[in-house]
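Asks: Have a look at this one.
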Amino acid sequence: MSKHYVIVGSGVAAVHAAKAIRDRDAESEITIYGEENHLPYNRIKLTKGLFSDLHSEKVLIKKEKWYRDNRITLHTSSRVTSIHPERQQIETADGKVTAYHKLLLCMGARNRALTVDGAGLRNVHTIRELGDADRLKDSLTSGQRVVVIGGGVQGLETAWALHEGGYPVTIVEAAPRLMARQLDEASSEKLRLILEQSGVQVKLHAGVTAITGEEAVSGVVLDDATSISCGHVVYSIGIVPNTDLVQETGIRTRAGVLVNSHLETSAPHIYAAGDIAELDGLVEGLWGGAIEQGKVAGGNMAAAEPAAYRRTVPVTLFNAFGISLFSIGNTDERQCDRTVAAEVDGVYTRIYVKDNRLTGAISWEGAAASLLYKSAVEQGVSLEGLDVENGSLEAIMAGVAARLEEIL
């Protein structure tokens, strides 16, 4: 009997897993099942390029020819409704049963729902799929204010796209600062000032208690009783892994589907990768992590000797409102021994140190400068012998660069 690798879900983890399988197994059958009616595409472009042509080939992870050339069967508009681990079978909504040799779960996540009065009104949006972006663009009317709930990366990218499109925008964030997971207070405050100078309203430490309107949105009410008139609401308040499919299978879950370091689930022959996978208590929810998990899971499904997944260093590159900044690694001051910050020629940078190693960095230098910091964090470069306490940031990073050259 020939081997059949089945992948449920058609995001970036699924595509990279299929490639990893084919790289190791040239003959066996590979099938991907995706619920959307499109070829797998780059989801992060939905907010970054909201008003670009999201239906062009430029948005695709791989073009249709790639699937043909690699003999990968891709079923779009195909929903898997049940998994039978004991029989090594899946079943789709049309009643078709398919056997698998190895199964990979890549169902991803959905955006966390907004649970306030009025959340079901027309013109309340969240962007997770291509259809969500299409519906938002089709419903916009010139001059209508849009309230963006959520001051994280996706919320700010959406706000930038709307602002560039000529729509007045208000950002509402429950935390005391923007991009709180990626930025320190100084960077967050600088970001807020730039947004407000560009004409975007920013409401921090503010929660939305209700969305008002009859059939469609007419405004939002904040927890201090402030009202903001608007024609649309777009929210981005986190993600929830799509674990519903496995609930009756016996496969272990918590927030996501539990996996070991080889990305194997608790059921034999079944793996998980991407936004659905939970490893060591963490669902990463990162684009780069999903790619690497897909590669490792696919490789392990087809390889004789499994490889361990090594968690990727989180990298955020933010380019909007004329800003180019990056945040790399662990930038939580509470988890570090010390930090070193400097502003040179108006460019702010801060590094984070723990156990005499660089663990994270924030900088307004731009994407090209991020490579040094990312490599230093990944390689665990020792700062032993460098004057971290009294030396300049420039001198410290020159020493780091020299040590990286020796390592690499």
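Following the order of the structure tokens, chains are lettered A, B, ..., residues in each are numbered from 1, and ligands are numbered from 1.
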Could you give me, as a list in words, the residues within 9 Å of Ala255 of chain A, counting only C-alpha atoms and dropping anything in the same chain fewer than 3 positions from it?
Replies: Val240, Pro241, Thr243, Leu258, Ile276, Ala277, Glu278, Gly281, Leu282 and Val283 of chain A
Asks: Taking a cut-off of 12 Å and counting only C-alpha atoms, can you build a table that, for each residue of segment 31-52 of chain A near segment 137-141 of chain A, reports the nearest atom pair and how far apart they are in Å (one decimal), sorted by chain then residue number, as a Markdown table?
Replies:
```
| residue | atom | partner | partner_atom | distance |
| --- | --- | --- | --- | --- |
| A:Leu46 | CA | A:Lys137 | CA | 11.2 |
| A:Thr47 | CA | A:Lys137 | CA | 11.4 |
| A:Gly49 | CA | A:Lys137 | CA | 11.7 |
| A:Leu50 | CA | A:Lys137 | CA | 8.0 |
| A:Phe51 | CA | A:Lys137 | CA | 7.6 |
| A:Ser52 | CA | A:Lys137 | CA | 10.6 |
```
Asks: Got a sec: who's within 6 Å of segment 169-182 of chain A, counting only C-alpha atoms, leaving out chain neighbours fewer than 5 positions off, as an MDAnalysis selection string?
Replies: chainID A and resid 145:152 188 200:207 327
Asks: With the cut-off set at 12 Å and counting only C-alpha atoms, tabulate each residue of segment 54-105 of chain A with an atom at most that distance from an atom of segment 299-320 of chain A, showing the nearest atom pair and its distance in Å to one decimal, ordered by chain and increasing number, as a tab-separated table.
Replies:
```
residue	atom	partner	partner_atom	distance
A:Tyr100	CA	A:Met301	CA	11.6
A:His101	CA	A:Met301	CA	9.2
A:Lys102	CA	A:Met301	CA	6.4
A:Leu103	CA	A:Met301	CA	8.2
A:Leu104	CA	A:Met301	CA	8.4
A:Leu105	CA	A:Met301	CA	12.0
```
Asks: Excluding Val347 of chain A and any residue of its chain fewer than 5 positions from it, enumerate the residues within 9 Å of it, using only C-alpha atoms, and give them as a list in words.
Replies: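 Near neighbours after the sequence-gap exclusion: Ala342, Ser363, Trp364 and Glu365 of chain A.
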Asks: Please return as a ChimeraX atom specification: the residues of segment 220-396 of chain A that backbone DSSP assigns to strand (DSSP E or B).
Replies: /A:220-222,227-229,232-235,239-241,253,257-258,264,270-272,277-279,282,315-320,323-329,338-344,347-354,357-363,382
Asks: Keeping only C-alpha atoms, write the selected residues to a file as an mmCIF file, in the first residue's frame.
Replies:
```cif
data_model
loop_
_atom_site.group_PDB
_atom_site.id
_atom_site.type_symbol
_atom_site.label_atom_id
_atom_site.label_comp_id
_atom_site.auth_asym_id
_atom_site.auth_seq_id
_atom_site.Cartn_x
_atom_site.Cartn_y
_atom_site.Cartn_z
ATOM 1 C CA VAL A 220 -18.821 53.008 19.965
ATOM 2 C CA VAL A 221 -19.001 53.685 23.688
ATOM 3 C CA LEU A 222 -15.849 53.528 25.820
ATOM 4 C CA SER A 227 -18.844 58.094 22.592
ATOM 5 C CA ILE A 228 -17.129 58.022 19.200
ATOM 6 C CA SER A 229 -19.255 58.362 16.074
ATOM 7 C CA HIS A 232 -17.272 50.930 10.833
ATOM 8 C CA VAL A 233 -15.503 48.979 13.553
ATOM 9 C CA VAL A 234 -12.528 46.701 12.845
ATOM 10 C CA TYR A 235 -11.250 44.646 15.774
ATOM 11 C CA ILE A 239 -6.426 34.664 18.224
ATOM 12 C CA VAL A 240 -8.028 31.368 19.318
ATOM 13 C CA PRO A 241 -6.702 28.062 17.899
ATOM 14 C CA THR A 253 -5.674 19.922 23.800
ATOM 15 C CA VAL A 257 -3.401 20.926 20.192
ATOM 16 C CA LEU A 258 -0.630 19.666 22.463
ATOM 17 C CA GLU A 264 3.626 14.914 17.306
ATOM 18 C CA ILE A 270 -0.861 12.636 13.795
ATOM 19 C CA TYR A 271 1.144 15.875 13.917
ATOM 20 C CA ALA A 272 0.216 19.547 14.349
ATOM 21 C CA ALA A 277 -0.003 23.777 17.862
ATOM 22 C CA GLU A 278 0.800 24.247 21.559
ATOM 23 C CA LEU A 279 4.334 23.353 22.649
ATOM 24 C CA LEU A 282 2.756 28.240 24.279
ATOM 25 C CA VAL A 315 10.771 39.153 14.984
ATOM 26 C CA THR A 316 8.404 42.045 14.351
ATOM 27 C CA LEU A 317 9.202 44.389 11.472
ATOM 28 C CA PHE A 318 6.868 47.371 11.504
ATOM 29 C CA ASN A 319 6.693 49.640 8.473
ATOM 30 C CA ALA A 320 3.810 52.105 8.558
ATOM 31 C CA ILE A 323 8.119 54.423 10.526
ATOM 32 C CA SER A 324 10.552 51.553 10.126
ATOM 33 C CA LEU A 325 11.295 49.774 13.389
ATOM 34 C CA PHE A 326 11.888 46.260 14.644
ATOM 35 C CA SER A 327 11.440 44.277 17.837
ATOM 36 C CA ILE A 328 13.356 41.030 18.263
ATOM 37 C CA GLY A 329 13.424 38.340 20.930
ATOM 38 C CA ARG A 338 19.677 44.812 32.455
ATOM 39 C CA THR A 339 18.966 46.920 29.413
ATOM 40 C CA VAL A 340 21.065 49.434 27.500
ATOM 41 C CA ALA A 341 19.403 52.227 25.513
ATOM 42 C CA ALA A 342 20.727 55.020 23.338
ATOM 43 C CA GLU A 343 19.493 57.566 20.819
ATOM 44 C CA VAL A 344 21.960 58.500 18.098
ATOM 45 C CA VAL A 347 17.457 56.815 16.100
ATOM 46 C CA TYR A 348 16.431 55.026 19.310
ATOM 47 C CA THR A 349 17.735 51.546 20.149
ATOM 48 C CA ARG A 350 17.467 49.416 23.269
ATOM 49 C CA ILE A 351 18.971 45.996 23.942
ATOM 50 C CA TYR A 352 17.959 43.478 26.607
ATOM 51 C CA VAL A 353 20.493 41.318 28.441
ATOM 52 C CA LYS A 354 20.060 38.194 30.581
ATOM 53 C CA ARG A 357 23.728 37.326 26.638
ATOM 54 C CA LEU A 358 21.666 39.462 24.307
ATOM 55 C CA THR A 359 18.044 38.267 24.519
ATOM 56 C CA GLY A 360 16.159 41.035 22.703
ATOM 57 C CA ALA A 361 16.303 44.395 20.961
ATOM 58 C CA ILE A 362 14.085 47.280 19.878
ATOM 59 C CA SER A 363 15.349 49.728 17.299
ATOM 60 C CA SER A 382 28.246 36.014 25.073
#
```
Asks: Have a look at A:Lys19, A:Ala113, A:Gly143, A:Ala161 and name the one nearest to Lys48 of chain A; count only C-alpha atoms.
Replies: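 Checking each of A:Lys19, A:Ala113, A:Gly143, A:Ala161 against Lys48 of chain A, counting only C-alpha atoms, the winner is A:Ala161.
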Asks: Can you list, as a PDB file with N, CA and C atoms, in the first residue's frame, every protein, DNA or RNA residue that comes within 8 Å of Thr98 of chain A when you count only C-alpha atoms, leaving out same-chain residues fewer than 4 positions away?
Replies:
```
ATOM      1  N   GLN A  89      -8.240   7.635   9.356  1.00  0.00           N
ATOM      2  CA  GLN A  89      -9.085   8.165   8.289  1.00  0.00           C
ATOM      3  C   GLN A  89      -9.594   9.561   8.662  1.00  0.00           C
ATOM      4  N   ILE A  90      -9.876  10.349   7.630  1.00  0.00           N
ATOM      5  CA  ILE A  90     -10.598  11.607   7.812  1.00  0.00           C
ATOM      6  C   ILE A  90     -11.855  11.553   6.965  1.00  0.00           C
ATOM      7  N   GLU A  91     -12.817  12.416   7.302  1.00  0.00           N
ATOM      8  CA  GLU A  91     -14.061  12.482   6.528  1.00  0.00           C
ATOM      9  C   GLU A  91     -14.358  13.940   6.214  1.00  0.00           C
TER      10      GLU A  91
END
```
Asks: Report as a list in words all protein, DNA and RNA residues lying within 7 Å of Thr76 of chain A, evaluated on only C-alpha atoms, omitting residues in the same chain fewer than 3 positions from it.
Replies: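 That gives Tyr33, Gly34, Glu35, Glu36, Asn37 and His38 of chain A.
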Asks: Those residues with C-alpha atoms, as an mmCIF file, in the first residue's frame please?
Replies:
```cif
data_model
loop_
_atom_site.group_PDB
_atom_site.id
_atom_site.type_symbol
_atom_site.label_atom_id
_atom_site.label_comp_id
_atom_site.auth_asym_id
_atom_site.auth_seq_id
_atom_site.Cartn_x
_atom_site.Cartn_y
_atom_site.Cartn_z
ATOM 1 C CA TYR A 33 -7.604 20.112 2.374
ATOM 2 C CA GLY A 34 -8.488 23.818 2.688
ATOM 3 C CA GLU A 35 -11.848 25.387 3.489
ATOM 4 C CA GLU A 36 -11.312 28.615 1.545
ATOM 5 C CA ASN A 37 -11.907 28.692 -2.199
ATOM 6 C CA HIS A 38 -8.459 30.158 -2.931
#
```
Asks: Check segment 153-336 of chain A with DSSP on the backbone and list each residue it calls alpha helix (DSSP H), as a ChimeraX atom specification.
Replies: /A:153-164,185-197,287-302
Asks: Report, in Å to a single decimal, how far apart atom CA of Leu191 of chain A and atom CA of Glu157 of chain A are.
Replies: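 Result for atom CA of Glu157 of chain A versus atom CA of Leu191 of chain A: 12.7 Å, one decimal.
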Asks: Would you mind reading off the distance between atom CA of Ile21 of chain A and atom CA of Gly298 of chain A, one decimal, in Å?
Replies: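 Between atom CA of Ile21 of chain A and atom CA of Gly298 of chain A the gap works out to 5.0 Å.
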Asks: Name the closest residue to Lys190 of chain A among the candidates A:Asn111, A:Ala210, A:Gly346, A:Val296; distances are taken between atoms, counting only C-alpha atoms.
Replies: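 That would be A:Gly346, the residue with the smallest distance to Lys190 of chain A.
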Asks: Do a neighbour search on Gly294 of chain A at 7 Å with only C-alpha atoms, toss out local chain neighbours closer than 4 positions, and write the hits as a ChimeraX atom specification.
Replies: /A:13-14,16-17,273-274,290,298
Asks: What is the atom CA of Asn70 of chain A to atom CA of Lys96 of chain A distance in Å?
Replies: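 Here the two named atoms are 24.0 Å from each other.
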Asks: Between A:Arg122, A:Thr226, A:Asp25, A:Val153, single out the one closest to Arg71 of chain A, counting only C-alpha atoms.
Replies: A:Asp25
